[in-house]
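Structure data (PDB, C-alpha atoms) from input-v8.pdb:
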```pdb
ATOM      1  CA  MET A   1      13.199 -50.133  40.891
ATOM      2  CA  THR A   2      13.216 -46.620  39.519
ATOM      3  CA  ALA A   3      12.612 -45.593  35.966
ATOM      4  CA  PRO A   4      15.682 -44.377  34.115
ATOM      5  CA  GLU A   5      15.821 -40.607  33.792
ATOM      6  CA  THR A   6      14.967 -39.507  30.259
ATOM      7  CA  PRO A   7      15.046 -35.990  28.876
ATOM      8  CA  ASP A   8      11.656 -34.274  28.389
ATOM      9  CA  ARG A   9      10.908 -34.982  24.747
ATOM     10  CA  SER A  10       7.638 -33.666  23.363
ATOM     11  CA  SER A  11       6.105 -33.846  19.932
ATOM     12  CA  PHE A  12       6.009 -30.911  17.556
ATOM     13  CA  VAL A  13       4.628 -30.065  14.157
ATOM     14  CA  LEU A  14       7.286 -28.688  11.823
ATOM     15  CA  LEU A  15       5.853 -26.187   9.390
ATOM     16  CA  GLN A  16       7.251 -24.514   6.313
ATOM     17  CA  VAL A  17       6.764 -20.740   6.082
ATOM     18  CA  GLY A  18       8.575 -19.345   3.065
ATOM     19  CA  GLU A  19      12.058 -20.836   2.959
ATOM     20  CA  ARG A  20      12.196 -21.476   6.712
ATOM     21  CA  ARG A  21      10.886 -24.178   9.002
ATOM     22  CA  PHE A  22       9.401 -23.509  12.408
ATOM     23  CA  ALA A  23       7.822 -25.727  15.038
ATOM     24  CA  LEU A  24       4.590 -25.582  17.026
ATOM     25  CA  PRO A  25       3.660 -27.844  19.944
ATOM     26  CA  SER A  26       1.578 -30.654  18.463
ATOM     27  CA  GLU A  27      -1.072 -30.365  21.200
ATOM     28  CA  ILE A  28      -2.297 -27.013  19.837
ATOM     29  CA  VAL A  29      -2.449 -28.195  16.211
ATOM     30  CA  SER A  30      -5.826 -29.489  15.010
ATOM     31  CA  GLU A  31      -5.312 -30.238  11.337
ATOM     32  CA  LEU A  32      -3.591 -29.428   8.083
ATOM     33  CA  ALA A  33      -6.184 -28.063   5.689
ATOM     34  CA  PRO A  34      -6.028 -27.810   1.905
ATOM     35  CA  PRO A  35      -5.789 -24.353   0.310
ATOM     36  CA  VAL A  36      -9.485 -23.585   0.505
ATOM     37  CA  ARG A  37     -10.877 -20.219  -0.473
ATOM     38  CA  LEU A  38      -9.888 -17.240   1.657
ATOM     39  CA  HIS A  39     -12.887 -15.013   2.321
ATOM     40  CA  THR A  40     -12.077 -11.375   2.946
ATOM     41  CA  PHE A  41     -14.214  -8.485   4.146
ATOM     42  CA  PRO A  42     -13.472  -5.057   5.595
ATOM     43  CA  HIS A  43     -11.982  -5.063   9.076
ATOM     44  CA  THR A  44      -9.279  -3.294  11.062
ATOM     45  CA  SER A  45      -7.530  -6.266  12.702
ATOM     46  CA  ALA A  46      -4.255  -5.970  10.852
ATOM     47  CA  LEU A  47      -2.888  -9.432  11.531
ATOM     48  CA  VAL A  48      -5.974 -11.199  10.184
ATOM     49  CA  ALA A  49      -6.038 -11.824   6.432
ATOM     50  CA  GLY A  50      -9.611 -13.144   6.320
ATOM     51  CA  VAL A  51     -11.397 -16.374   7.126
ATOM     52  CA  ILE A  52     -11.589 -19.864   5.702
ATOM     53  CA  VAL A  53     -14.492 -22.219   6.330
ATOM     54  CA  ARG A  54     -13.669 -25.533   7.993
ATOM     55  CA  ARG A  55     -16.389 -27.932   9.136
ATOM     56  CA  GLY A  56     -19.009 -25.191   9.042
ATOM     57  CA  HIS A  57     -16.966 -22.698  11.069
ATOM     58  CA  ALA A  58     -15.254 -19.500  10.002
ATOM     59  CA  VAL A  59     -11.582 -19.838  10.947
ATOM     60  CA  PRO A  60      -9.516 -16.640  10.997
ATOM     61  CA  VAL A  61      -6.327 -16.725   8.945
ATOM     62  CA  TYR A  62      -3.248 -15.126  10.508
ATOM     63  CA  ASP A  63      -0.683 -13.835   8.055
ATOM     64  CA  VAL A  64       2.447 -14.540  10.067
ATOM     65  CA  ALA A  65       4.945 -14.353   7.203
ATOM     66  CA  PRO A  66       5.761 -10.629   7.474
ATOM     67  CA  THR A  67       6.762 -11.138  11.116
ATOM     68  CA  LEU A  68       8.618 -14.420  10.637
ATOM     69  CA  LEU A  69      10.278 -13.682   7.302
ATOM     70  CA  GLY A  70      10.164  -9.911   7.079
ATOM     71  CA  LYS A  71       8.239 -10.158   3.809
ATOM     72  CA  ASP A  72       4.957 -11.436   2.398
ATOM     73  CA  SER A  73       4.582 -15.185   2.102
ATOM     74  CA  PRO A  74       4.659 -16.857  -1.301
ATOM     75  CA  THR A  75       1.818 -18.958  -2.673
ATOM     76  CA  HIS A  76      -0.031 -20.863   0.024
ATOM     77  CA  ARG A  77      -0.361 -24.615  -0.340
ATOM     78  CA  PHE A  78      -1.899 -25.484   3.018
ATOM     79  CA  TYR A  79      -3.400 -23.993   6.144
ATOM     80  CA  LEU A  80      -2.255 -25.244   9.519
ATOM     81  CA  ILE A  81      -5.140 -25.009  11.973
ATOM     82  CA  ALA A  82      -4.036 -24.388  15.561
ATOM     83  CA  GLN A  83      -5.873 -23.494  18.743
ATOM     84  CA  ARG A  84      -5.439 -20.063  20.266
ATOM     85  CA  ALA A  85      -6.497 -19.323  23.840
ATOM     86  CA  PHE A  86      -8.821 -16.428  24.609
ATOM     87  CA  GLY A  87      -9.140 -16.394  28.370
ATOM     88  CA  LYS A  88     -11.017 -19.536  29.349
ATOM     89  CA  THR A  89     -12.050 -20.302  25.788
ATOM     90  CA  SER A  90     -10.062 -21.174  22.703
ATOM     91  CA  GLU A  91     -10.521 -20.598  19.018
ATOM     92  CA  ALA A  92      -9.071 -22.206  15.925
ATOM     93  CA  GLY A  93      -6.808 -20.040  13.807
ATOM     94  CA  ALA A  94      -5.150 -20.819  10.488
ATOM     95  CA  ILE A  95      -1.563 -20.166   9.427
ATOM     96  CA  PRO A  96      -0.881 -20.190   5.678
ATOM     97  CA  LEU A  97       1.980 -22.518   4.745
ATOM     98  CA  ASN A  98       3.785 -23.140   1.509
ATOM     99  CA  GLY A  99       5.075 -26.604   2.283
ATOM    100  CA  GLU A 100       4.046 -29.810   3.958
ATOM    101  CA  CYS A 101       4.231 -30.424   7.687
ATOM    102  CA  GLU A 102       6.126 -33.063   9.592
ATOM    103  CA  LEU A 103       5.624 -34.504  13.058
ATOM    104  CA  ALA A 104       8.798 -34.665  15.124
ATOM    105  CA  THR A 105       9.824 -35.545  18.657
ATOM    106  CA  ALA A 106      12.633 -33.525  20.154
ATOM    107  CA  GLU A 107      13.992 -31.992  23.285
ATOM    108  CA  VAL A 108      13.360 -28.255  23.666
ATOM    109  CA  GLN A 109      16.448 -26.122  24.061
ATOM    110  CA  PRO A 110      16.248 -22.550  25.337
ATOM    111  CA  PRO A 111      16.080 -19.885  22.612
ATOM    112  CA  ASP A 112      19.231 -18.113  21.523
ATOM    113  CA  PRO A 113      19.761 -14.842  23.392
ATOM    114  CA  GLY A 114      18.137 -11.849  21.750
ATOM    115  CA  ARG A 115      15.527 -13.841  19.875
ATOM    116  CA  PRO A 116      12.017 -12.296  19.738
ATOM    117  CA  ALA A 117       9.492 -13.187  22.436
ATOM    118  CA  TYR A 118       7.517 -15.359  20.011
ATOM    119  CA  ILE A 119      10.482 -17.785  19.769
ATOM    120  CA  SER A 120      10.085 -19.920  22.871
ATOM    121  CA  GLY A 121      12.909 -22.360  22.195
ATOM    122  CA  SER A 122      14.695 -24.384  19.578
ATOM    123  CA  LEU A 123      14.704 -28.025  18.510
ATOM    124  CA  LYS A 124      17.539 -30.027  17.068
ATOM    125  CA  ILE A 125      16.099 -32.068  14.204
ATOM    126  CA  GLY A 126      18.929 -34.009  12.612
ATOM    127  CA  LYS A 127      21.465 -31.388  11.566
ATOM    128  CA  GLU A 128      18.843 -28.675  11.432
ATOM    129  CA  THR A 129      17.915 -26.284  14.249
ATOM    130  CA  VAL A 130      14.249 -25.379  14.126
ATOM    131  CA  GLU A 131      12.874 -22.513  16.193
ATOM    132  CA  LEU A 132       9.811 -23.208  18.322
ATOM    133  CA  LEU A 133       6.987 -20.672  17.995
ATOM    134  CA  ASP A 134       4.784 -19.349  20.768
ATOM    135  CA  PHE A 135       1.566 -18.828  18.793
ATOM    136  CA  GLU A 136       0.082 -16.384  21.339
ATOM    137  CA  ALA A 137       3.216 -14.261  21.503
ATOM    138  CA  LEU A 138       3.541 -14.275  17.708
ATOM    139  CA  VAL A 139       0.048 -12.899  17.287
ATOM    140  CA  ALA A 140       0.587 -10.353  20.066
ATOM    141  CA  GLN A 141       3.864  -9.257  18.404
ATOM    142  CA  GLN A 142       2.046  -8.636  15.132
ATOM    143  CA  SER A 143      -0.616  -6.556  16.888
ATOM    144  CA  ALA A 144       2.053  -4.488  18.639
ATOM    145  CA  ASP A 145       3.956  -3.974  15.363
ATOM    146  CA  THR A 146       0.777  -2.758  13.698
ATOM    147  CA  VAL A 147       0.011  -0.304  16.489
ATOM    148  CA  ASP A 148       3.601   1.002  16.349
ATOM    149  CA  ALA A 149       3.459   1.418  12.567
ATOM    150  CA  SER A 150       0.151   3.279  12.661
ATOM    151  CA  HIS A 151       1.471   5.500  15.467
ATOM    152  CA  VAL A 152       4.547   6.425  13.405
ATOM    153  CA  GLU A 153       2.349   7.003  10.350
ATOM    154  CA  ALA A 154       0.042   9.293  12.331
ATOM    155  CA  GLN A 155       3.000  11.314  13.625
ATOM    156  CA  SER A 156       4.714  11.720  10.240
TER     157      SER A 156
ATOM    158  CA  MET B   1     -42.246 -46.889  25.420
ATOM    159  CA  ARG B   2     -42.812 -44.220  22.817
ATOM    160  CA  ILE B   3     -40.402 -43.554  20.029
ATOM    161  CA  ALA B   4     -40.439 -39.986  18.793
ATOM    162  CA  SER B   5     -41.105 -39.678  15.120
ATOM    163  CA  GLN B   6     -38.289 -38.441  12.922
ATOM    164  CA  ASP B   7     -40.508 -35.683  11.526
ATOM    165  CA  GLY B   8     -41.043 -34.259  14.999
ATOM    166  CA  GLY B   9     -37.291 -34.164  15.565
ATOM    167  CA  LYS B  10     -36.708 -32.430  12.281
ATOM    168  CA  SER B  11     -39.244 -29.716  12.981
ATOM    169  CA  ARG B  12     -37.681 -29.026  16.389
ATOM    170  CA  ARG B  13     -34.276 -28.745  14.805
ATOM    171  CA  ALA B  14     -35.508 -26.479  12.009
ATOM    172  CA  ARG B  15     -34.011 -23.014  12.238
ATOM    173  CA  ARG B  16     -35.865 -19.847  11.461
ATOM    174  CA  SER B  17     -34.420 -18.206   8.435
ATOM    175  CA  GLU B  18     -33.931 -14.480   8.204
ATOM    176  CA  PRO B  19     -34.491 -12.464   5.044
ATOM    177  CA  VAL B  20     -31.537 -10.253   4.209
ATOM    178  CA  ILE B  21     -30.667  -7.775   1.513
ATOM    179  CA  LEU B  22     -27.313  -8.442  -0.118
ATOM    180  CA  PHE B  23     -25.726  -5.210  -1.263
ATOM    181  CA  SER B  24     -22.302  -4.233  -2.488
ATOM    182  CA  VAL B  25     -19.934  -1.378  -1.823
ATOM    183  CA  ALA B  26     -16.668  -1.117  -3.776
ATOM    184  CA  HIS B  27     -17.113  -4.722  -5.018
ATOM    185  CA  GLN B  28     -17.481  -5.986  -1.441
ATOM    186  CA  MET B  29     -20.710  -7.766  -0.537
ATOM    187  CA  PHE B  30     -22.589  -7.248   2.731
ATOM    188  CA  ALA B  31     -25.873  -8.508   4.155
ATOM    189  CA  ILE B  32     -28.347  -6.465   6.135
ATOM    190  CA  SER B  33     -31.528  -7.713   7.720
ATOM    191  CA  ALA B  34     -34.459  -6.783   5.479
ATOM    192  CA  ASP B  35     -36.399  -5.796   8.607
ATOM    193  CA  SER B  36     -33.910  -3.062   9.412
ATOM    194  CA  VAL B  37     -34.312  -1.316   6.043
ATOM    195  CA  GLN B  38     -37.309   0.947   5.616
ATOM    196  CA  GLU B  39     -36.769   2.072   2.076
ATOM    197  CA  ILE B  40     -34.312   1.858  -0.808
ATOM    198  CA  ARG B  41     -34.076   4.901  -3.069
ATOM    199  CA  SER B  42     -31.800   5.954  -5.897
ATOM    200  CA  THR B  43     -29.387   8.759  -5.076
ATOM    201  CA  ASP B  44     -30.832  10.723  -8.007
ATOM    202  CA  SER B  45     -34.329  10.634  -6.530
ATOM    203  CA  MET B  46     -32.994  11.871  -3.178
ATOM    204  CA  ALA B  47     -30.917  14.723  -4.583
ATOM    205  CA  GLY B  48     -33.588  17.349  -3.870
ATOM    206  CA  ALA B  49     -34.121  16.187  -0.302
ATOM    207  CA  ALA B  50     -30.441  16.120   0.663
ATOM    208  CA  ASN B  51     -28.817  18.916   2.644
ATOM    209  CA  GLU B  52     -25.072  19.320   2.697
ATOM    210  CA  ILE B  53     -23.470  19.634   6.104
ATOM    211  CA  GLU B  54     -21.482  22.855   5.864
ATOM    212  CA  GLN B  55     -18.654  21.820   8.159
ATOM    213  CA  PRO B  56     -18.673  18.028   8.178
ATOM    214  CA  LEU B  57     -17.738  16.628  11.540
ATOM    215  CA  LEU B  58     -17.218  13.135  10.167
ATOM    216  CA  GLU B  59     -15.682  12.279   6.816
ATOM    217  CA  LYS B  60     -18.325   9.605   6.259
ATOM    218  CA  VAL B  61     -21.324  11.893   6.926
ATOM    219  CA  ARG B  62     -21.565  14.844   4.537
ATOM    220  CA  HIS B  63     -25.322  15.083   4.030
ATOM    221  CA  THR B  64     -28.613  14.835   5.847
ATOM    222  CA  ILE B  65     -31.991  14.038   4.366
ATOM    223  CA  ASP B  66     -35.384  14.934   5.741
ATOM    224  CA  ARG B  67     -37.979  12.157   5.727
ATOM    225  CA  ALA B  68     -41.358  12.461   7.405
ATOM    226  CA  HIS B  69     -40.192  15.401   9.531
ATOM    227  CA  ARG B  70     -37.148  13.483  10.723
ATOM    228  CA  LYS B  71     -33.528  14.209   9.927
ATOM    229  CA  TYR B  72     -31.484  11.234   8.702
ATOM    230  CA  TYR B  73     -27.702  11.247   8.620
ATOM    231  CA  VAL B  74     -26.331   9.911   5.338
ATOM    232  CA  VAL B  75     -23.365   7.614   5.905
ATOM    233  CA  ASN B  76     -21.089   6.829   2.973
ATOM    234  CA  ALA B  77     -20.478   3.087   3.340
ATOM    235  CA  CYS B  78     -17.174   3.251   1.396
ATOM    236  CA  THR B  79     -15.715   5.676   3.908
ATOM    237  CA  HIS B  80     -17.269   3.869   6.855
ATOM    238  CA  PHE B  81     -15.625   0.551   5.883
ATOM    239  CA  ASN B  82     -12.345   2.166   4.687
ATOM    240  CA  LEU B  83     -12.995   0.957   1.142
ATOM    241  CA  PRO B  84     -11.975   2.728  -2.075
ATOM    242  CA  VAL B  85     -14.453   5.508  -2.719
ATOM    243  CA  THR B  86     -16.965   4.766  -5.473
ATOM    244  CA  ARG B  87     -19.964   6.626  -6.832
ATOM    245  CA  PRO B  88     -22.932   5.292  -4.862
ATOM    246  CA  THR B  89     -26.210   4.924  -6.698
ATOM    247  CA  LEU B  90     -28.564   3.826  -3.917
ATOM    248  CA  VAL B  91     -29.561   4.949  -0.444
ATOM    249  CA  LEU B  92     -30.707   2.454   2.180
ATOM    250  CA  ILE B  93     -32.935   4.296   4.631
ATOM    251  CA  LEU B  94     -32.827   2.380   7.895
ATOM    252  CA  ARG B  95     -35.898   1.678   9.975
ATOM    253  CA  GLN B  96     -35.066   2.049  13.660
ATOM    254  CA  LEU B  97     -32.286   4.599  13.321
ATOM    255  CA  ARG B  98     -32.105   7.997  11.705
ATOM    256  CA  VAL B  99     -29.399   6.760   9.387
ATOM    257  CA  ALA B 100     -29.333   6.395   5.610
ATOM    258  CA  VAL B 101     -26.496   4.513   3.928
ATOM    259  CA  LEU B 102     -24.992   5.187   0.511
ATOM    260  CA  VAL B 103     -24.244   1.926  -1.321
ATOM    261  CA  ASP B 104     -23.283   0.922  -4.852
ATOM    262  CA  LYS B 105     -25.926  -1.655  -5.706
ATOM    263  CA  ILE B 106     -28.367  -4.230  -4.426
ATOM    264  CA  GLU B 107     -27.286  -7.703  -5.427
ATOM    265  CA  ARG B 108     -30.406  -9.608  -4.370
ATOM    266  CA  MET B 109     -32.491 -10.801  -1.460
ATOM    267  CA  ALA B 110     -31.508 -13.999   0.345
ATOM    268  CA  GLU B 111     -32.566 -16.101   3.321
ATOM    269  CA  ILE B 112     -29.913 -16.915   5.905
ATOM    270  CA  SER B 113     -30.394 -19.686   8.430
ATOM    271  CA  ALA B 114     -27.879 -18.375  10.985
ATOM    272  CA  VAL B 115     -25.601 -15.493  11.820
ATOM    273  CA  HIS B 116     -22.286 -16.946  12.975
ATOM    274  CA  THR B 117     -20.341 -15.109  15.649
ATOM    275  CA  LEU B 118     -17.386 -13.089  14.420
ATOM    276  CA  PRO B 119     -14.204 -14.977  15.435
ATOM    277  CA  LEU B 120     -12.464 -13.535  18.508
ATOM    278  CA  ALA B 121      -9.379 -12.874  16.385
ATOM    279  CA  PHE B 122     -11.219  -9.846  15.038
ATOM    280  CA  ILE B 123     -10.564  -7.143  17.593
ATOM    281  CA  GLY B 124     -11.154  -3.870  15.754
ATOM    282  CA  ASP B 125     -14.055  -1.709  14.635
ATOM    283  CA  GLU B 126     -15.542  -4.699  12.830
ATOM    284  CA  ARG B 127     -16.900  -5.943  16.157
ATOM    285  CA  ARG B 128     -19.148  -2.864  16.117
ATOM    286  CA  TRP B 129     -19.832  -2.967  12.372
ATOM    287  CA  TYR B 130     -21.085  -6.552  12.125
ATOM    288  CA  ARG B 131     -23.592  -8.795  13.884
ATOM    289  CA  GLY B 132     -21.573 -11.715  12.593
ATOM    290  CA  LEU B 133     -21.009 -13.714   9.439
ATOM    291  CA  ALA B 134     -23.457 -15.494   7.162
ATOM    292  CA  TYR B 135     -22.753 -18.308   4.745
ATOM    293  CA  VAL B 136     -24.578 -17.656   1.503
ATOM    294  CA  GLU B 137     -23.871 -20.368  -1.047
ATOM    295  CA  ASP B 138     -20.074 -20.405  -1.284
ATOM    296  CA  HIS B 139     -19.562 -16.979   0.217
ATOM    297  CA  VAL B 140     -18.891 -15.742   3.730
ATOM    298  CA  ILE B 141     -20.642 -12.405   4.031
ATOM    299  CA  PRO B 142     -20.540  -9.999   6.968
ATOM    300  CA  VAL B 143     -23.974  -9.225   8.378
ATOM    301  CA  ILE B 144     -24.334  -5.551   9.157
ATOM    302  CA  GLU B 145     -25.136  -4.259  12.628
ATOM    303  CA  PRO B 146     -27.267  -1.207  11.708
ATOM    304  CA  ALA B 147     -26.397   0.593  14.966
ATOM    305  CA  GLY B 148     -22.724   0.298  14.024
ATOM    306  CA  PHE B 149     -22.886   2.953  11.308
ATOM    307  CA  LEU B 150     -22.851   5.745  13.890
ATOM    308  CA  THR B 151     -21.832   5.441  17.500
ATOM    309  CA  ARG B 152     -23.960   7.153  20.124
ATOM    310  CA  GLU B 153     -21.220   9.766  20.558
ATOM    311  CA  GLU B 154     -20.995  10.407  16.807
ATOM    312  CA  PHE B 155     -24.759  10.722  16.642
ATOM    313  CA  LYS B 156     -24.860  13.220  19.510
ATOM    314  CA  ALA B 157     -22.016  15.262  17.984
ATOM    315  CA  LEU B 158     -23.794  15.366  14.623
ATOM    316  CA  GLU B 159     -27.013  16.473  16.316
ATOM    317  CA  ARG B 160     -25.147  19.305  18.039
ATOM    318  CA  VAL B 161     -23.484  20.505  14.833
ATOM    319  CA  THR B 162     -26.590  20.368  12.653
ATOM    320  CA  LYS B 163     -28.761  22.073  15.294
ATOM    321  CA  SER B 164     -26.228  24.855  15.737
ATOM    322  CA  SER B 165     -25.896  25.458  11.964
ATOM    323  CA  GLU B 166     -29.700  25.403  11.607
ATOM    324  CA  SER B 167     -30.143  28.022  14.314
ATOM    325  CA  GLN B 168     -27.392  30.102  12.705
ATOM    326  CA  ARG B 169     -29.206  29.915   9.359
ATOM    327  CA  GLU B 170     -32.473  30.941  11.042
ATOM    328  CA  MET B 171     -30.779  33.936  12.668
ATOM    329  CA  GLU B 172     -29.240  34.990   9.351
ATOM    330  CA  GLY B 173     -32.652  34.682   7.719
ATOM    331  CA  ALA B 174     -34.258  36.814  10.440
ATOM    332  CA  VAL B 175     -31.561  39.515  10.041
ATOM    333  CA  GLN B 176     -32.015  39.605   6.253
ATOM    334  CA  ALA B 177     -35.816  39.873   6.666
TER     335      ALA B 177
END
```
What is this structure when it is put down as structure tokens?
Amino acid sequence: MTAPETPDRSSFVLLQVGERRFALPSEIVSELAPPVRLHTFPHTSALVAGVIVRRGHAVPVYDVAPTLLGKDSPTHRFYLIAQRAFGKTSEAGAIPLNGECELATAEVQPPDPGRPAYISGSLKIGKETVELLDFEALVAQQSADTVDASHVEAQS
Amino acid sequence: MRIASQDGGKSRRARRSEPVILFSVAHQMFAISADSVQEIRSTDSMAGAANEIEQPLLEKVRHTIDRAHRKYYVVNACTHFNLPVTRPTLVLILRQLRVAVLVDKIERMAEISAVHTLPLAFIGDERRWYRGLAYVEDHVIPVIEPAGFLTREEFKALERVTKSSESQREMEGAVQA
């Protein structure tokens, strides 16, 4: 007897950034944290807004809204803590959210043509299509944007 | 069978605390190991000992001060950390390096039990500026790496410039005499 063929359905965390919803693979998400205090100090890593403290560790906060929405994010209600790979090690990073999260199971569809590299696919959730984020690529995109902007600024 | 006492376990786990000076620059608080600071002086008291660098090589270093026959480079912490420029009132004279740092004020002394590694997400100059982060009460405070105020290259370049302007001044003095 052979098992019936089923489509590859994985679980995802749906997150609200501004007025849009995105998805992240659930295996990289650690927790949804309350809006604890953001600690800031001078640095030159443009994509990092500061750190929050979770379980005795400083967790960097990535401000992804300008990339995803093209504008600053509104008031933050939660932080989604996800794991980011750094070579053989990984580190928790926080994404500010302004809405609650939802766990969903769906089949990944390829991204629409022309979508940025940080969109790795899309999910059909009911009538809604939610774009799947590649956390690594998103962060890399922000770094590249910052370098480009500073280069233009330096030339002008 | 021996059962280790709880007290023994506690003492092994006890961490050595490190005394730090908490200071602020443009309303931003920093910590620096007390051992790395030789002296704290007011800018007013140092005014007579400060020499302006005629053609500053670095925006953040505009003066030198002479202490015990040694030349110290005065780093403006506001400029160093890209913070809004304020009017510094104190100079931290560092111990192991010929660097003095202009700061706004000393907040207080504190003991920190650990310096936590800077998260890998930080990829810029801050990796050179800080030893890591300290948790002091409800605050996360960057702990200064004293050697981060001037890179070796910056230090060498400053040495070259100040030596050349000194020898020029000496020559001018000899000609006038």
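This file, queried with the PyMOL selection byres ((chain B and resi 126) around 9), gives the residues A:Pro42, A:His43, A:Thr44, A:Ser45, B:Phe81, B:Leu118, B:Phe122, B:Ile123, B:Gly124, B:Asp125, B:Arg127, B:Arg128, B:Trp129, B:Tyr130, B:Gly148.
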- Of the candidates A:Leu15, A:Leu132, A:Ala49, A:Leu97, which shows the shortest atom-to-atom distance to chain B, using all atoms listed in the file?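 For chain B, the nearest of the candidates is A:Ala49.
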- Message: I'd like the contact shell of Val29 in chain A - 7 Å cut-off, only C-alpha atoms, skipping same-chain residues fewer than 2 positions apart - returned as a list of chain:residue names.
- Response: A:Ser26, A:Glu27, A:Glu31, A:Ile81, A:Ala82, A:Gln83
- Query: Suppose you want the space between CA of Val85 in chain B and CA of Val61 in chain B; what is it in Å?
  - Reply: 13.5 Å
- Return as a list of chain:residue names the residues belonging to chain A that are within 9 Å of chain B, counting all atoms listed in the file. A:His39, A:Thr40, A:Phe41, A:Pro42, A:His43, A:Thr44, A:Ser45, A:Ala46, A:Leu47, A:Val48, A:Val51, A:Ile52, A:Val53, A:Gly56, A:His57, A:Ala58, A:Val59, A:Pro60, A:Val61, A:Tyr62, A:Phe86, A:Glu91, A:Ala92, A:Gly93
Take range 75-94 of chain B, bring it up to N, CA and C atoms, and give me the output as a short mmCIF file (atom, residue, chain, number, x, y, z; two decimals), in the frame of the given file.
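Output (rebuild_22.cif):
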```cif
data_model
loop_
_atom_site.label_atom_id
_atom_site.label_comp_id
_atom_site.auth_asym_id
_atom_site.auth_seq_id
_atom_site.Cartn_x
_atom_site.Cartn_y
_atom_site.Cartn_z
N VAL B 75 -24.71 8.18 5.69
CA VAL B 75 -23.36 7.61 5.90
C VAL B 75 -22.87 7.01 4.58
N ASN B 76 -21.69 7.43 4.16
CA ASN B 76 -21.09 6.83 2.97
C ASN B 76 -20.43 5.51 3.40
N ALA B 77 -20.97 4.41 2.90
CA ALA B 77 -20.48 3.09 3.34
C ALA B 77 -19.02 2.85 2.94
N CYS B 78 -18.59 3.41 1.82
CA CYS B 78 -17.17 3.25 1.40
C CYS B 78 -16.26 3.81 2.48
N THR B 79 -16.56 5.02 2.91
CA THR B 79 -15.72 5.68 3.91
C THR B 79 -15.82 4.94 5.24
N HIS B 80 -17.04 4.56 5.58
CA HIS B 80 -17.27 3.87 6.86
C HIS B 80 -16.42 2.59 6.96
N PHE B 81 -16.36 1.82 5.86
CA PHE B 81 -15.62 0.55 5.88
C PHE B 81 -14.19 0.68 5.37
N ASN B 82 -13.71 1.92 5.19
CA ASN B 82 -12.34 2.17 4.69
C ASN B 82 -12.12 1.50 3.33
N LEU B 83 -13.11 1.55 2.47
CA LEU B 83 -13.00 0.96 1.14
C LEU B 83 -12.71 2.06 0.13
N PRO B 84 -12.20 1.70 -1.05
CA PRO B 84 -11.98 2.73 -2.08
C PRO B 84 -13.29 3.44 -2.39
N VAL B 85 -13.21 4.72 -2.53
CA VAL B 85 -14.45 5.51 -2.72
C VAL B 85 -15.00 5.28 -4.13
N THR B 86 -16.28 4.98 -4.19
CA THR B 86 -16.96 4.77 -5.47
C THR B 86 -18.07 5.82 -5.61
N ARG B 87 -18.84 5.71 -6.67
CA ARG B 87 -19.96 6.63 -6.83
C ARG B 87 -21.24 5.85 -6.47
N PRO B 88 -21.77 6.07 -5.28
CA PRO B 88 -22.93 5.29 -4.86
C PRO B 88 -24.17 5.66 -5.67
N THR B 89 -25.00 4.67 -5.91
CA THR B 89 -26.21 4.92 -6.70
C THR B 89 -27.49 4.74 -5.88
N LEU B 90 -27.36 4.11 -4.71
CA LEU B 90 -28.56 3.83 -3.92
C LEU B 90 -28.41 4.30 -2.47
N VAL B 91 -29.54 4.57 -1.87
CA VAL B 91 -29.56 4.95 -0.44
C VAL B 91 -30.45 3.95 0.29
N LEU B 92 -29.89 3.31 1.31
CA LEU B 92 -30.71 2.45 2.18
C LEU B 92 -31.16 3.31 3.35
N ILE B 93 -32.43 3.52 3.49
CA ILE B 93 -32.94 4.30 4.63
C ILE B 93 -33.32 3.30 5.72
N LEU B 94 -32.64 3.39 6.84
CA LEU B 94 -32.83 2.38 7.90
C LEU B 94 -34.12 2.64 8.67
#
```
